[in-house]
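S.K.: Pasting a structure below so you can have a look.
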Amino acid sequence: CLAQEANLLKTPGFDKGAQSPEGWYYVDFKTGGASVYGQKAGRGGSPAVGIRAATDQQRGAWSQRLAIPDRGSMFVSGWYRTEGLAVRSGAGACLRMTYLGSTQTYDFLSDLRHFLPPAENWTPFHAIFPTPAGAKSVVVELLNFFVPGTVWWDDLVVHPATDAEVIQAMSARLDQAPTDDEIPYRPEEGDTVSVNPPAFTWVPAPGVKSYFVQY
């Protein structure tokens, strides 16, 4: 069990509000992507938010802006499910963290995206997002990114990442399975090699630019 800091989100379970959950706002980026606030659409019949796109030209996001410490990383977890979404690289269900250099104005620094595969049933997720230097706030955005269908979100958690959470997340990223178009790990687990040092290949981790290799 990992020690956790307090959830920074207001209404993380979307269970307060009439036309929309308290603390959240919806943006369609002038594309026509529709917002959905389902009072019984969440896990166990609780409220949840959704984004419905009719075409691959539409997108939308439920968003909330948070003041954050200017250091470390942010931990995000929650649940999502999709309806009618096709698999498409760099599109579909997406958690985006847009970092800003102010708590008042839109002083853009960077945005980081975490895409999730289609999932007809409620599915948990978690991710770590490094905080860029100078960041004072972040906009948490729950997106359907240019794929026809609906993406639902529920029970979100956002807080400064603990050391244990960062280590756990990075270990998972470094141990990810190769895709069909990637060269697999070499040497493979349990291999005995005669060359010292052996020829190393491994699956690249997004955002990682350098490695320390121990052998």
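If you're wondering about the labels, chains in the structure tokens are A, B, ... by order shown, residues count from 1 in each chain, ligands from 1 in order shown.
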As a PyMOL selection string, please: every residue in region 3-213 of chain A that DSSP puts in strand (DSSP E).
M.R.: chain A and resi 25-27+34-38+48-53+59-67+73-83+92-100+108-115+123-130+137-145+149-160
S.K.: Convert the current residue selection to file output with C-alpha atoms, as a PDB file, in the first residue's frame.
M.R.:
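So part.pdb came out as:
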```
ATOM      1  CA  TYR A  25     -16.254  22.917 -16.879  1.00  0.00           C
ATOM      2  CA  TYR A  26     -16.669  21.584 -20.394  1.00  0.00           C
ATOM      3  CA  VAL A  27     -14.889  22.732 -23.579  1.00  0.00           C
ATOM      4  CA  ALA A  34     -21.016  16.955 -26.933  1.00  0.00           C
ATOM      5  CA  SER A  35     -20.799  16.926 -23.141  1.00  0.00           C
ATOM      6  CA  VAL A  36     -22.663  14.259 -21.199  1.00  0.00           C
ATOM      7  CA  TYR A  37     -23.371  14.345 -17.453  1.00  0.00           C
ATOM      8  CA  GLY A  38     -24.924  10.998 -16.622  1.00  0.00           C
ATOM      9  CA  ALA A  48     -20.040  10.232 -14.330  1.00  0.00           C
ATOM     10  CA  VAL A  49     -19.002  12.632 -17.081  1.00  0.00           C
ATOM     11  CA  GLY A  50     -18.688  11.799 -20.750  1.00  0.00           C
ATOM     12  CA  ILE A  51     -17.668  13.241 -24.102  1.00  0.00           C
ATOM     13  CA  ARG A  52     -19.549  12.152 -27.218  1.00  0.00           C
ATOM     14  CA  ALA A  53     -18.119  12.691 -30.712  1.00  0.00           C
ATOM     15  CA  ARG A  59     -13.374  16.478 -29.549  1.00  0.00           C
ATOM     16  CA  GLY A  60     -14.208  17.711 -26.074  1.00  0.00           C
ATOM     17  CA  ALA A  61     -12.902  17.790 -22.519  1.00  0.00           C
ATOM     18  CA  TRP A  62     -14.152  18.051 -18.966  1.00  0.00           C
ATOM     19  CA  SER A  63     -11.579  20.242 -17.227  1.00  0.00           C
ATOM     20  CA  GLN A  64     -10.523  21.533 -13.834  1.00  0.00           C
ATOM     21  CA  ARG A  65      -7.662  23.909 -13.005  1.00  0.00           C
ATOM     22  CA  LEU A  66      -5.547  23.243  -9.917  1.00  0.00           C
ATOM     23  CA  ALA A  67      -2.802  25.147  -8.122  1.00  0.00           C
ATOM     24  CA  SER A  73       5.512  15.138 -10.474  1.00  0.00           C
ATOM     25  CA  MET A  74       1.759  14.763 -10.367  1.00  0.00           C
ATOM     26  CA  PHE A  75      -0.037  11.455  -9.854  1.00  0.00           C
ATOM     27  CA  VAL A  76      -3.379  10.886 -11.575  1.00  0.00           C
ATOM     28  CA  SER A  77      -5.653   7.866 -11.300  1.00  0.00           C
ATOM     29  CA  GLY A  78      -9.264   7.073 -12.019  1.00  0.00           C
ATOM     30  CA  TRP A  79     -11.671   4.950 -14.028  1.00  0.00           C
ATOM     31  CA  TYR A  80     -12.889   5.174 -17.613  1.00  0.00           C
ATOM     32  CA  ARG A  81     -14.935   3.265 -20.170  1.00  0.00           C
ATOM     33  CA  THR A  82     -15.789   3.798 -23.832  1.00  0.00           C
ATOM     34  CA  GLU A  83     -18.761   3.218 -26.111  1.00  0.00           C
ATOM     35  CA  GLY A  92      -9.624   8.532 -28.371  1.00  0.00           C
ATOM     36  CA  ALA A  93      -9.726   8.439 -24.579  1.00  0.00           C
ATOM     37  CA  CYS A  94      -7.033  10.805 -23.336  1.00  0.00           C
ATOM     38  CA  LEU A  95      -5.967  12.346 -20.055  1.00  0.00           C
ATOM     39  CA  ARG A  96      -4.131  15.602 -20.711  1.00  0.00           C
ATOM     40  CA  MET A  97      -2.261  17.725 -18.163  1.00  0.00           C
ATOM     41  CA  THR A  98      -1.758  21.305 -19.373  1.00  0.00           C
ATOM     42  CA  TYR A  99       0.824  23.106 -17.224  1.00  0.00           C
ATOM     43  CA  LEU A 100       0.659  26.871 -16.761  1.00  0.00           C
ATOM     44  CA  PHE A 108       1.134  28.024 -21.235  1.00  0.00           C
ATOM     45  CA  LEU A 109       4.238  25.951 -20.487  1.00  0.00           C
ATOM     46  CA  SER A 110       3.540  22.459 -21.826  1.00  0.00           C
ATOM     47  CA  ASP A 111       0.962  19.720 -22.069  1.00  0.00           C
ATOM     48  CA  LEU A 112       1.423  16.010 -21.489  1.00  0.00           C
ATOM     49  CA  ARG A 113      -0.975  13.355 -22.777  1.00  0.00           C
ATOM     50  CA  HIS A 114      -1.808   9.850 -21.618  1.00  0.00           C
ATOM     51  CA  PHE A 115      -3.880   7.892 -24.158  1.00  0.00           C
ATOM     52  CA  THR A 123     -11.235   0.131 -16.290  1.00  0.00           C
ATOM     53  CA  PRO A 124      -8.776   1.667 -13.812  1.00  0.00           C
ATOM     54  CA  PHE A 125      -5.787   3.720 -14.930  1.00  0.00           C
ATOM     55  CA  HIS A 126      -2.969   5.702 -13.355  1.00  0.00           C
ATOM     56  CA  ALA A 127      -0.168   7.884 -14.675  1.00  0.00           C
ATOM     57  CA  ILE A 128       2.692  10.105 -13.507  1.00  0.00           C
ATOM     58  CA  PHE A 129       3.265  13.528 -15.092  1.00  0.00           C
ATOM     59  CA  PRO A 130       6.548  15.413 -14.447  1.00  0.00           C
ATOM     60  CA  SER A 137      -1.100  25.399 -11.973  1.00  0.00           C
ATOM     61  CA  VAL A 138      -2.314  22.568 -14.159  1.00  0.00           C
ATOM     62  CA  VAL A 139      -5.506  22.042 -16.116  1.00  0.00           C
ATOM     63  CA  VAL A 140      -6.652  18.438 -15.770  1.00  0.00           C
ATOM     64  CA  GLU A 141      -8.468  17.537 -19.004  1.00  0.00           C
ATOM     65  CA  LEU A 142     -10.543  14.384 -19.558  1.00  0.00           C
ATOM     66  CA  LEU A 143     -10.869  14.039 -23.321  1.00  0.00           C
ATOM     67  CA  ASN A 144     -12.400  12.235 -26.209  1.00  0.00           C
ATOM     68  CA  PHE A 145      -9.826  13.134 -28.829  1.00  0.00           C
ATOM     69  CA  GLY A 149     -18.167   7.391 -29.850  1.00  0.00           C
ATOM     70  CA  THR A 150     -18.330   8.215 -26.152  1.00  0.00           C
ATOM     71  CA  VAL A 151     -15.679   8.276 -23.428  1.00  0.00           C
ATOM     72  CA  TRP A 152     -16.845   8.163 -19.792  1.00  0.00           C
ATOM     73  CA  TRP A 153     -14.767   9.151 -16.731  1.00  0.00           C
ATOM     74  CA  ASP A 154     -15.302   8.538 -13.003  1.00  0.00           C
ATOM     75  CA  ASP A 155     -13.592   8.700  -9.594  1.00  0.00           C
ATOM     76  CA  LEU A 156     -10.511  10.782 -10.432  1.00  0.00           C
ATOM     77  CA  VAL A 157      -7.579  11.367  -8.078  1.00  0.00           C
ATOM     78  CA  VAL A 158      -4.885  14.030  -8.589  1.00  0.00           C
ATOM     79  CA  HIS A 159      -2.133  14.800  -6.100  1.00  0.00           C
ATOM     80  CA  PRO A 160       1.634  15.421  -5.930  1.00  0.00           C
TER      81      PRO A 160
END
```
S.K.: Between A:Asp56, A:Glu165, A:Glu189, A:Asp70, which residue has the minimum interatomic distance to Ala91 (chain A), considering only C-alpha atoms?
M.R.: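 Of all the options, A:Asp56 lies closest to Ala91 (chain A).
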S.K.: Please determine, counting only C-alpha atoms, which residue among A:Gly17, A:Pro197, A:Ala161, A:Trp202 has the shortest atom-to-atom distance to Pro178 (chain A).
M.R.: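 Looking at the shortest contact to Pro178 (chain A), the residue is A:Trp202.
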S.K.: Can you tell me, as a VMD selection string, what residues are no more than 9 Å from Val203 (chain A) when counting only C-alpha atoms, ignoring any on the same chain fewer than 4 positions away?
M.R.: chain A and resid 174 to 179 182 to 185
S.K.: Given the choices A:Gly23, A:Pro69, A:Gly190, A:Gly33, which gets closest to Phe146 (chain A) if the distance is worked out from only C-alpha atoms?
M.R.: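 Of the candidates, the smallest distance to Phe146 (chain A) is held by A:Gly33.
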S.K.: So what do you get for CA of Gly101 (chain A) versus CA of Gly72 (chain A), distance-wise?
M.R.: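 Answer for the CA of Gly101 (chain A) to CA of Gly72 (chain A) separation: 15.1 Å.
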S.K.: Using only C-alpha atoms, can you tell me which of A:Pro204, A:Asp15, A:Pro148, A:Glu188 comes closest to Arg88 (chain A)?
M.R.: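 Closest to Arg88 (chain A) of all the choices is A:Pro148.
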S.K.: Measure the distance from CA of Ser210 (chain A) to CA of Thr162 (chain A) in Å and round it to one decimal.
M.R.: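 So the answer is 22.6 Å.
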